file target.cif (mmCIF, C-alpha atoms and all ligand atoms)
data_data
loop_
_atom_site.label_atom_id
_atom_site.label_comp_id
_atom_site.auth_asym_id
_atom_site.auth_seq_id
_atom_site.Cartn_x
_atom_site.Cartn_y
_atom_site.Cartn_z
CA GLN Z 20 0.00 0.00 0.00
CA ARG Z 21 1.42 3.35 -1.12
CA PRO Z 22 1.08 6.17 1.42
CA MET Z 23 -1.52 8.73 0.34
CA THR Z 24 -0.37 12.20 -0.58
CA PRO Z 25 -1.55 14.93 1.80
CA ASP Z 26 -4.13 16.05 -0.77
CA GLU Z 27 -5.61 12.59 -1.15
CA GLY Z 28 -5.46 11.97 2.55
CA ARG Z 29 -7.13 15.16 3.71
CA SER Z 30 -9.91 16.22 1.42
CA GLY Z 31 -13.35 17.75 2.00
CA GLY Z 32 -14.20 18.45 5.60
CA LEU Z 33 -10.85 17.02 6.72
CA LYS Z 34 -8.67 19.42 4.76
CA SER Z 35 -7.76 21.53 7.79
CA VAL Z 36 -7.14 18.58 10.13
CA THR Z 37 -3.44 18.13 10.85
CA HIS Z 38 -3.23 14.73 12.56
CA VAL Z 39 -5.75 11.91 12.32
CA ILE Z 40 -5.16 9.32 15.04
CA ALA Z 41 -6.63 5.81 14.97
CA VAL Z 42 -7.48 4.19 18.30
CA SER Z 43 -8.01 0.54 17.64
CA SER Z 44 -8.44 -2.83 19.30
CA CYS Z 45 -9.12 -6.29 18.02
CA LYS Z 46 -11.74 -7.14 20.58
CA GLY Z 47 -14.63 -5.24 22.09
CA GLY Z 48 -14.74 -4.41 25.76
CA VAL Z 49 -11.01 -3.81 26.28
CA GLY Z 50 -11.51 -0.10 26.93
CA LYS Z 51 -10.76 1.25 23.45
CA SER Z 52 -13.41 3.97 23.62
CA THR Z 53 -12.39 4.89 27.14
CA VAL Z 54 -8.81 5.38 25.94
CA ALA Z 55 -9.87 7.24 22.77
CA VAL Z 56 -12.08 9.70 24.62
CA ASN Z 57 -9.66 10.38 27.48
CA LEU Z 58 -6.79 10.75 25.01
CA ALA Z 59 -8.80 13.30 23.02
CA TYR Z 60 -9.65 15.37 26.13
CA THR Z 61 -6.03 15.17 27.26
CA LEU Z 62 -4.84 16.57 23.93
CA ALA Z 63 -7.41 19.37 24.35
CA GLN Z 64 -6.08 20.07 27.85
CA MET Z 65 -2.59 20.27 26.35
CA GLY Z 66 -3.88 23.12 24.19
CA ALA Z 67 -4.74 21.34 20.94
CA ARG Z 68 -7.90 21.72 18.87
CA VAL Z 69 -9.46 18.28 18.94
CA GLY Z 70 -12.31 16.24 17.47
CA ILE Z 71 -13.52 12.70 18.12
CA PHE Z 72 -15.05 10.51 15.43
CA ASP Z 73 -16.78 7.48 16.95
CA ALA Z 74 -16.75 5.03 14.06
CA ASP Z 75 -18.52 2.26 15.92
CA VAL Z 76 -21.85 1.90 14.15
CA TYR Z 77 -23.13 -1.07 16.10
CA GLY Z 78 -22.07 0.01 19.57
CA PRO Z 79 -21.37 3.75 19.68
CA SER Z 80 -20.09 4.66 23.15
CA LEU Z 81 -19.46 8.37 22.71
CA PRO Z 82 -23.05 9.41 23.61
CA THR Z 83 -22.59 7.72 27.01
CA MET Z 84 -19.06 8.93 27.68
CA VAL Z 85 -19.68 12.62 27.01
CA SER Z 86 -22.73 14.78 27.58
CA PRO Z 87 -23.02 17.51 24.95
CA GLU Z 88 -26.08 19.74 25.15
CA VAL Z 89 -26.92 19.12 21.49
CA ARG Z 90 -27.24 15.37 20.98
CA VAL Z 91 -28.25 15.34 17.31
CA LEU Z 92 -25.93 16.13 14.42
CA GLN Z 93 -27.03 19.09 12.30
CA MET Z 94 -26.44 19.61 8.60
CA ASN Z 95 -25.38 22.93 7.17
CA PRO Z 96 -28.11 23.51 4.54
CA ASP Z 97 -25.79 25.55 2.30
CA THR Z 98 -22.76 23.28 2.19
CA ARG Z 99 -24.64 20.05 3.03
CA GLN Z 100 -21.83 19.25 5.44
CA ILE Z 101 -22.49 17.67 8.83
CA MET Z 102 -21.75 19.91 11.78
CA PRO Z 103 -20.17 18.15 14.78
CA THR Z 104 -21.66 18.67 18.20
CA GLU Z 105 -19.34 19.73 21.02
CA PHE Z 106 -18.60 19.04 24.69
CA GLU Z 107 -15.94 20.83 26.75
CA GLY Z 108 -14.38 22.26 23.61
CA VAL Z 109 -13.99 18.95 21.74
CA LYS Z 110 -15.90 18.38 18.49
CA LEU Z 111 -17.86 15.15 18.38
CA VAL Z 112 -19.41 12.95 15.72
CA SER Z 113 -20.93 9.56 16.49
CA PHE Z 114 -23.54 7.31 14.96
CA GLY Z 115 -25.16 7.59 18.35
CA PHE Z 116 -25.93 11.22 17.44
CA ALA Z 117 -27.21 10.29 13.99
CA GLY Z 118 -30.44 8.41 14.66
CA GLN Z 119 -31.02 4.68 14.88
CA GLY Z 120 -31.05 3.53 11.24
CA SER Z 121 -27.42 2.55 11.00
CA ALA Z 122 -27.62 -0.27 13.51
CA ILE Z 123 -29.41 -2.58 11.07
CA MET Z 124 -27.17 -2.03 8.04
CA ARG Z 125 -25.10 -4.75 6.43
CA GLY Z 126 -21.29 -4.61 6.38
CA PRO Z 127 -20.66 -3.08 2.93
CA MET Z 128 -23.24 -0.37 3.56
CA VAL Z 129 -21.71 0.38 6.93
CA SER Z 130 -18.27 0.96 5.39
CA GLY Z 131 -19.72 3.50 2.97
CA VAL Z 132 -21.72 5.30 5.61
CA ILE Z 133 -18.76 5.54 7.99
CA GLN Z 134 -16.60 6.94 5.21
CA GLN Z 135 -19.29 9.45 4.31
CA LEU Z 136 -19.86 10.57 7.88
CA LEU Z 137 -16.10 11.01 8.42
CA THR Z 138 -15.36 12.91 5.23
CA THR Z 139 -18.52 15.01 4.83
CA THR Z 140 -18.32 16.40 8.34
CA ASP Z 141 -17.10 19.98 8.52
CA TRP Z 142 -14.39 19.41 11.13
CA GLY Z 143 -12.93 22.88 10.69
CA ALA Z 144 -9.35 23.48 11.77
CA LEU Z 145 -8.17 20.73 14.13
CA ASP Z 146 -4.77 19.69 15.40
CA TYR Z 147 -6.01 16.17 16.17
CA LEU Z 148 -8.94 14.09 15.08
CA VAL Z 149 -9.14 10.97 17.22
CA VAL Z 150 -10.96 8.14 15.45
CA ASP Z 151 -12.42 5.47 17.73
CA PHE Z 152 -12.31 2.41 15.43
CA PRO Z 153 -14.86 -0.39 15.58
CA PRO Z 154 -13.13 -3.45 17.10
CA GLY Z 155 -11.48 -5.88 14.71
CA THR Z 156 -9.57 -5.84 11.43
CA GLY Z 157 -12.23 -6.39 8.76
CA ASP Z 158 -13.63 -4.49 5.79
CA ILE Z 159 -14.94 -1.59 7.83
CA GLN Z 160 -11.53 -0.92 9.34
CA LEU Z 161 -9.80 -1.21 5.96
CA THR Z 162 -12.26 1.21 4.36
CA LEU Z 163 -11.59 3.67 7.16
CA CYS Z 164 -7.85 3.38 6.56
CA GLN Z 165 -8.42 4.02 2.86
CA SER Z 166 -10.67 7.03 3.30
CA VAL Z 167 -8.17 9.20 5.14
CA GLN Z 168 -4.43 9.15 5.70
CA PHE Z 169 -3.98 8.36 9.37
CA SER Z 170 -0.95 9.91 11.03
CA ALA Z 171 -0.61 7.28 13.72
CA ALA Z 172 -2.40 4.42 15.44
CA VAL Z 173 -2.73 3.59 19.13
CA ILE Z 174 -3.49 -0.05 19.88
CA VAL Z 175 -5.52 -0.79 22.99
CA THR Z 176 -5.24 -4.19 24.59
CA THR Z 177 -5.65 -5.94 27.92
CA PRO Z 178 -2.85 -8.04 29.42
CA GLN Z 179 -4.30 -11.49 28.80
CA LYS Z 180 -1.93 -13.67 26.78
CA LEU Z 181 -4.61 -14.43 24.22
CA ALA Z 182 -4.78 -10.78 23.28
CA PHE Z 183 -1.28 -10.91 21.78
CA VAL Z 184 -2.27 -12.72 18.57
CA ASP Z 185 -5.09 -10.28 17.91
CA VAL Z 186 -2.97 -7.26 18.61
CA ALA Z 187 -0.37 -8.50 16.14
CA LYS Z 188 -3.12 -8.70 13.52
CA GLY Z 189 -4.10 -5.08 14.19
CA ILE Z 190 -0.55 -3.82 13.97
CA ARG Z 191 -0.02 -5.65 10.67
CA MET Z 192 -3.21 -4.12 9.24
CA PHE Z 193 -1.96 -0.63 10.00
CA ALA Z 194 1.51 -1.45 8.67
CA ARG Z 195 -0.03 -2.57 5.36
CA MET Z 196 -1.86 0.75 5.17
CA ALA Z 197 1.39 2.64 5.90
CA VAL Z 198 0.09 3.87 9.27
CA PRO Z 199 2.70 3.76 12.05
CA CYS Z 200 1.57 2.29 15.38
CA VAL Z 201 3.08 4.64 17.93
CA ALA Z 202 1.80 3.24 21.19
CA VAL Z 203 0.21 0.30 22.88
CA ALA Z 204 -2.18 1.17 25.69
CA GLU Z 205 -2.35 -1.79 28.05
CA ASN Z 206 -5.67 -1.27 29.79
CA MET Z 207 -6.85 -2.97 32.99
CA SER Z 208 -3.21 -3.72 33.57
CA PHE Z 209 -3.13 -3.61 37.37
CA PHE Z 210 -4.81 -2.24 40.46
CA ASP Z 211 -3.36 -0.76 43.61
CA GLY Z 212 -4.60 -2.52 46.73
CA GLU Z 213 -5.44 -0.79 49.98
CA ASP Z 214 -2.42 -2.60 51.42
CA GLY Z 215 -0.22 -0.43 49.18
CA LYS Z 216 0.68 -3.33 46.89
CA ARG Z 217 0.18 -3.36 43.13
CA TYR Z 218 -1.70 -6.37 41.77
CA TYR Z 219 -1.67 -7.76 38.22
CA PRO Z 220 -4.79 -9.95 38.03
CA PHE Z 221 -4.32 -10.80 34.34
CA GLY Z 222 -0.58 -11.33 34.54
CA GLN Z 223 2.26 -9.18 33.31
CA GLY Z 224 4.33 -8.88 30.20
CA SER Z 225 2.04 -9.00 27.17
CA GLY Z 226 2.12 -5.24 26.53
CA GLU Z 227 5.89 -5.32 26.88
CA ARG Z 228 6.08 -8.21 24.44
CA VAL Z 229 3.98 -6.33 21.87
CA LYS Z 230 6.15 -3.25 22.30
CA GLN Z 231 9.37 -5.26 21.87
CA ASP Z 232 8.25 -7.55 19.05
CA PHE Z 233 6.85 -4.75 16.93
CA GLY Z 234 9.26 -2.03 17.99
CA LEU Z 235 6.50 0.29 19.20
CA PRO Z 236 7.90 3.45 20.78
CA HIS Z 237 5.51 3.67 23.73
CA LEU Z 238 3.77 1.37 26.17
CA ILE Z 239 1.39 3.03 28.60
CA ARG Z 240 -0.37 1.01 31.30
CA PHE Z 241 -3.75 1.97 32.67
CA PRO Z 242 -5.13 0.53 35.92
CA ILE Z 243 -8.44 -1.11 36.62
CA LEU Z 244 -10.09 1.90 38.15
CA PRO Z 245 -13.73 2.32 39.18
CA GLU Z 246 -13.39 6.09 38.60
CA LEU Z 247 -12.54 5.44 34.97
CA SER Z 248 -15.78 3.62 34.26
CA GLU Z 249 -17.85 5.84 36.58
CA ALA Z 250 -16.59 8.91 34.74
CA GLY Z 251 -17.27 7.26 31.38
CA ASP Z 252 -20.77 6.18 32.35
CA GLY Z 253 -21.47 9.62 33.82
CA GLY Z 254 -20.74 11.56 30.63
CA ARG Z 255 -17.60 13.24 31.92
CA PRO Z 256 -14.30 11.59 30.97
CA LEU Z 257 -11.89 10.91 33.85
CA VAL Z 258 -9.29 13.39 32.62
CA VAL Z 259 -11.98 16.11 32.71
CA ALA Z 260 -13.38 15.07 36.09
CA HIS Z 261 -9.98 14.37 37.73
CA PRO Z 262 -7.36 16.22 35.69
CA SER Z 263 -4.54 15.80 38.19
CA SER Z 264 -4.98 12.09 38.98
CA PRO Z 265 -2.17 9.60 38.21
CA THR Z 266 -4.30 8.12 35.42
CA ALA Z 267 -4.71 11.56 33.84
CA GLU Z 268 -0.90 11.78 33.92
CA SER Z 269 -0.65 8.48 32.07
CA PHE Z 270 -2.97 9.90 29.42
CA MET Z 271 -0.64 12.92 29.16
CA GLU Z 272 2.21 10.52 28.52
CA LEU Z 273 0.19 8.81 25.80
CA GLY Z 274 -0.71 12.18 24.25
CA ALA Z 275 2.88 13.36 24.34
CA GLY Z 276 3.94 10.20 22.46
CA LEU Z 277 1.79 10.93 19.39
P1 LIG X 301 -14.41 -0.90 24.10
O1 LIG X 301 -14.43 0.44 23.42
O2 LIG X 301 -13.10 -1.61 23.92
O3 LIG X 301 -15.57 -1.76 23.79
P2 LIG X 301 -15.08 0.58 26.51
O4 LIG X 301 -14.11 1.70 26.52
O5 LIG X 301 -16.46 0.86 26.05
O6 LIG X 301 -14.47 -0.64 25.68
O7 LIG X 301 -15.07 -0.06 27.97
C1 LIG X 301 -15.91 -1.13 28.31
C2 LIG X 301 -16.38 -0.94 29.75
O8 LIG X 301 -15.28 -1.10 30.63
C3 LIG X 301 -16.94 0.44 30.02
O9 LIG X 301 -18.00 0.33 30.93
C4 LIG X 301 -15.78 1.17 30.65
O10 LIG X 301 -16.20 2.22 31.51
C5 LIG X 301 -15.08 0.06 31.42
N1 LIG X 301 -13.63 0.28 31.53
C6 LIG X 301 -12.75 0.48 30.52
N2 LIG X 301 -11.50 0.59 30.99
C7 LIG X 301 -11.57 0.47 32.34
C8 LIG X 301 -10.61 0.50 33.40
N3 LIG X 301 -9.31 0.65 33.15
N4 LIG X 301 -11.05 0.34 34.69
C9 LIG X 301 -12.36 0.15 34.92
N5 LIG X 301 -13.33 0.12 33.98
C10 LIG X 301 -12.94 0.27 32.69
#
call {"tool": "encode", "arguments": {"input": "target.cif", "output": "structure tokens", "more": "lines below"}}
Ligand code: ADP
result
Amino acid sequence: QRPMTPDEGRSGGLKSVTHVIAVSSCKGGVGKSTVAVNLAYTLAQMGARVGIFDADVYGPSLPTMVSPEVRVLQMNPDTRQIMPTEFEGVKLVSFGFAGQGSAIMRGPMVSGVIQQLLTTTDWGALDYLVVDFPPGTGDIQLTLCQSVQFSAAVIVTTPQKLAFVDVAKGIRMFARMAVPCVAVAENMSFFDGEDGKRYYPFGQGSGERVKQDFGLPHLIRFPILPELSEAGDGGRPLVVAHPSSPTAESFMELGAGL
């Protein structure tokens, strides 16, 4: 796969977007959306202009994780471009803000609709657009990679040994599409007990192995943390609710590595 030229990679509503970041995982439920959303708000806190595109048609999580006042996407009648909604200064587009019809579409239709929603949105001038990929490495993900030139990918995984094989698949997909994987986010990596000890309920080492085997520059570990899911379920990402917590610092590290 030949890398796209900047013109090919950033057309239409994406023409003033500098970096498009893929946040991807091979399985659902590993915390991909949690990482994507907190990463986006961290970049905003670092002073960047940021948007989030929630590309998960079947299980959009963005409407739960953030609480914008306007929960329906509007179309500009003159340009016929979709206008993102906004929460805490971050622009947002999700199928969860686009009505219910998409949930019953077949695969090939879904790919087209995702591509359309991504590229016909008027994102305006952004430093970062964070794209929360649907889990897996199928047609939908490939179409996404072909519709815009991604600057970098972040792979989200959990420490279970099984996850390694799937993660490798994800990294290879991005490599084929000439997208560099810059970081692995090992989520639910550990928890700190009240006894002051750190526990690794799913074992240690798989994130490190991914980092080593694929030469990824960064490995960031995130704990199992009730606050992380409470914040997500409550419509206020953890880094917004608790900006000076240790986990918010880990998100800063992830943001700085992009
Ligand atoms: P995915 O996007 O991979 O499907 P989500 O980000 O939606 O995963 O997370 C799945 C569930 O797990 C959510 O309820 C979320 O709040 C919770 N969760 C994710 N990461 C953590 C964590 N590190 N600690 C506690 N809960 C988490």
call {"tool": "closest_atom_pairs", "arguments": {"input": "target.cif", "of": "chain Z", "to": "ligand LIG 301 (chain X)", "cutoff": "10 Å", "atoms": "all atoms listed in the file", "output": "CSV"}}
result
residue,atom,partner,partner_atom,distance
Z:Val42,CA,X:LIG301,O1,9.4
Z:Ser43,CA,X:LIG301,O2,8.4
Z:Ser44,CA,X:LIG301,O2,6.7
Z:Cys45,CA,X:LIG301,O2,8.5
Z:Lys46,CA,X:LIG301,O2,6.6
Z:Gly47,CA,X:LIG301,O3,4.0
Z:Gly48,CA,X:LIG301,O3,3.4
Z:Val49,CA,X:LIG301,O2,3.8
Z:Gly50,CA,X:LIG301,O4,3.2
Z:Lys51,CA,X:LIG301,O2,3.7
Z:Ser52,CA,X:LIG301,O1,3.7
Z:Thr53,CA,X:LIG301,O4,3.7
Z:Val54,CA,X:LIG301,O4,6.5
Z:Ala55,CA,X:LIG301,O4,7.9
Z:Val56,CA,X:LIG301,O4,8.5
Z:Asn57,CA,X:LIG301,O4,9.8
Z:Asp73,CA,X:LIG301,O1,9.8
Z:Asp75,CA,X:LIG301,O1,8.7
Z:Gly78,CA,X:LIG301,O3,7.9
Z:Pro79,CA,X:LIG301,O5,8.5
Z:Ser80,CA,X:LIG301,O5,6.0
Z:Leu81,CA,X:LIG301,O5,8.7
Z:Thr83,CA,X:LIG301,O5,9.2
Z:Met84,CA,X:LIG301,O10,8.2
Z:Asp151,CA,X:LIG301,O1,7.9
Z:Phe152,CA,X:LIG301,O1,8.5
Z:Pro153,CA,X:LIG301,O1,7.9
Z:Pro154,CA,X:LIG301,O2,7.1
Z:Val175,CA,X:LIG301,O2,7.7
Z:Thr176,CA,X:LIG301,O2,8.3
Z:Thr177,CA,X:LIG301,N3,9.2
Z:Glu205,CA,X:LIG301,N3,9.0
Z:Asn206,CA,X:LIG301,N3,5.3
Z:Met207,CA,X:LIG301,N3,4.4
Z:Ser208,CA,X:LIG301,N3,7.5
Z:Phe209,CA,X:LIG301,N3,8.6
Z:Phe210,CA,X:LIG301,N4,8.9
Z:Arg240,CA,X:LIG301,N3,9.1
Z:Phe241,CA,X:LIG301,N3,5.7
Z:Pro242,CA,X:LIG301,N3,5.0
Z:Ile243,CA,X:LIG301,N4,3.6
Z:Leu244,CA,X:LIG301,N4,3.9
Z:Pro245,CA,X:LIG301,C9,5.0
Z:Glu246,CA,X:LIG301,C9,7.1
Z:Leu247,CA,X:LIG301,C9,5.3
Z:Ser248,CA,X:LIG301,O10,3.1
Z:Glu249,CA,X:LIG301,O10,6.4
Z:Ala250,CA,X:LIG301,O10,7.4
Z:Gly251,CA,X:LIG301,O10,5.2
Z:Asp252,CA,X:LIG301,O10,6.1
Z:Gly253,CA,X:LIG301,O10,9.4
Z:Pro256,CA,X:LIG301,O10,9.6
Z:Leu257,CA,X:LIG301,O10,10.0
Z:Thr266,CA,X:LIG301,N3,9.3
call {"tool": "closest_residue", "arguments": {"input": "target.cif", "among": "Z:Ala59, Z:Val76, Z:Val85, Z:Ala182", "to": "Gly254 of chain Z", "atoms": "only C-alpha atoms"}}
result
Z:Val85
call {"tool": "residues_around", "arguments": {"input": "target.cif", "residues": "Ala171 of chain Z", "least_positions_apart": "6", "cutoff": "6 Å", "atoms": "all atoms listed in the file", "output": "PyMOL selection string"}}
result
chain Z and resi 40+198-200
call {"tool": "closest_residue", "arguments": {"input": "target.cif", "among": "Z:Met65, Z:Leu163, Z:Leu92, Z:Val201", "to": "Ala267 of chain Z", "atoms": "all atoms listed in the file"}}
result
Z:Met65
call {"tool": "atom_distance", "arguments": {"input": "target.cif", "atom1": "atom CA of Arg68 of chain Z", "atom2": "atom CA of Ile239 of chain Z"}}
result
23.0 Å
call {"tool": "residues_around", "arguments": {"input": "target.cif", "residues": "Leu277 of chain Z", "least_positions_apart": "4", "cutoff": "10 Å", "atoms": "only C-alpha atoms", "output": "PyMOL selection string"}}
result
chain Z and resi 38+40+62+147+170-173+200-202+236-237+272-273
call {"tool": "write_last_selection", "arguments": {"input": "target.cif", "atoms": "C-alpha atoms", "output": "mmCIF file, in the frame of the given file"}}
result
data_model
loop_
_atom_site.group_PDB
_atom_site.id
_atom_site.type_symbol
_atom_site.label_atom_id
_atom_site.label_comp_id
_atom_site.auth_asym_id
_atom_site.auth_seq_id
_atom_site.Cartn_x
_atom_site.Cartn_y
_atom_site.Cartn_z
ATOM 1 C CA HIS Z 38 -3.230 14.730 12.560
ATOM 2 C CA ILE Z 40 -5.160 9.320 15.040
ATOM 3 C CA LEU Z 62 -4.840 16.570 23.930
ATOM 4 C CA TYR Z 147 -6.010 16.170 16.170
ATOM 5 C CA SER Z 170 -0.950 9.910 11.030
ATOM 6 C CA ALA Z 171 -0.610 7.280 13.720
ATOM 7 C CA ALA Z 172 -2.400 4.420 15.440
ATOM 8 C CA VAL Z 173 -2.730 3.590 19.130
ATOM 9 C CA CYS Z 200 1.570 2.290 15.380
ATOM 10 C CA VAL Z 201 3.080 4.640 17.930
ATOM 11 C CA ALA Z 202 1.800 3.240 21.190
ATOM 12 C CA PRO Z 236 7.900 3.450 20.780
ATOM 13 C CA HIS Z 237 5.510 3.670 23.730
ATOM 14 C CA GLU Z 272 2.210 10.520 28.520
ATOM 15 C CA LEU Z 273 0.190 8.810 25.800
#
call {"tool": "closest_residue", "arguments": {"input": "target.cif", "among": "Z:Cys164, Z:Ala204, Z:Val259, Z:Leu148", "to": "Met192 of chain Z", "atoms": "all atoms listed in the file"}}
result
Z:Cys164
call {"tool": "atom_distance", "arguments": {"input": "target.cif", "atom1": "atom CA of Ser130 of chain Z", "atom2": "atom CA of Val91 of chain Z"}}
result
21.2 Å
call {"tool": "closest_residue", "arguments": {"input": "target.cif", "among": "Z:Gln100, Z:Thr37, Z:Leu58, Z:Thr156", "to": "Gly276 of chain Z", "atoms": "all atoms listed in the file"}}
result
Z:Leu58
call {"tool": "atom_distance", "arguments": {"input": "target.cif", "atom1": "atom CA of Phe72 of chain Z", "atom2": "atom CA of Gln134 of chain Z"}}
result
10.9 Å
call {"tool": "residues_around", "arguments": {"input": "target.cif", "residues": "Phe106 of chain Z", "least_positions_apart": "6", "cutoff": "10 Å", "atoms": "all atoms listed in the file", "output": "list in words"}}
result
Tyr60, Gly70, Val85, Ser86, Pro87, Glu88, Val89, Gly254 and Arg255 of chain Z
call {"tool": "residues_around", "arguments": {"input": "target.cif", "residues": "Arg29 of chain Z", "least_positions_apart": "4", "cutoff": "7 Å", "atoms": "all atoms listed in the file", "output": "compact mmCIF listing (two decimals) with C-alpha atoms, keeping the file's coordinate frame"}}
result
# COMPACT_ATOMS: atom_id res chain seq x y z
CA PRO Z 25 -1.55 14.93 1.80
CA LEU Z 33 -10.85 17.02 6.72
CA LYS Z 34 -8.67 19.42 4.76
CA VAL Z 167 -8.17 9.20 5.14
CA GLN Z 168 -4.43 9.15 5.70
call {"tool": "closest_residue", "arguments": {"input": "target.cif", "among": "Z:Val109, Z:Phe116, Z:Phe183, Z:Ile190", "to": "Gly66 of chain Z", "atoms": "all atoms listed in the file"}}
result
Z:Val109
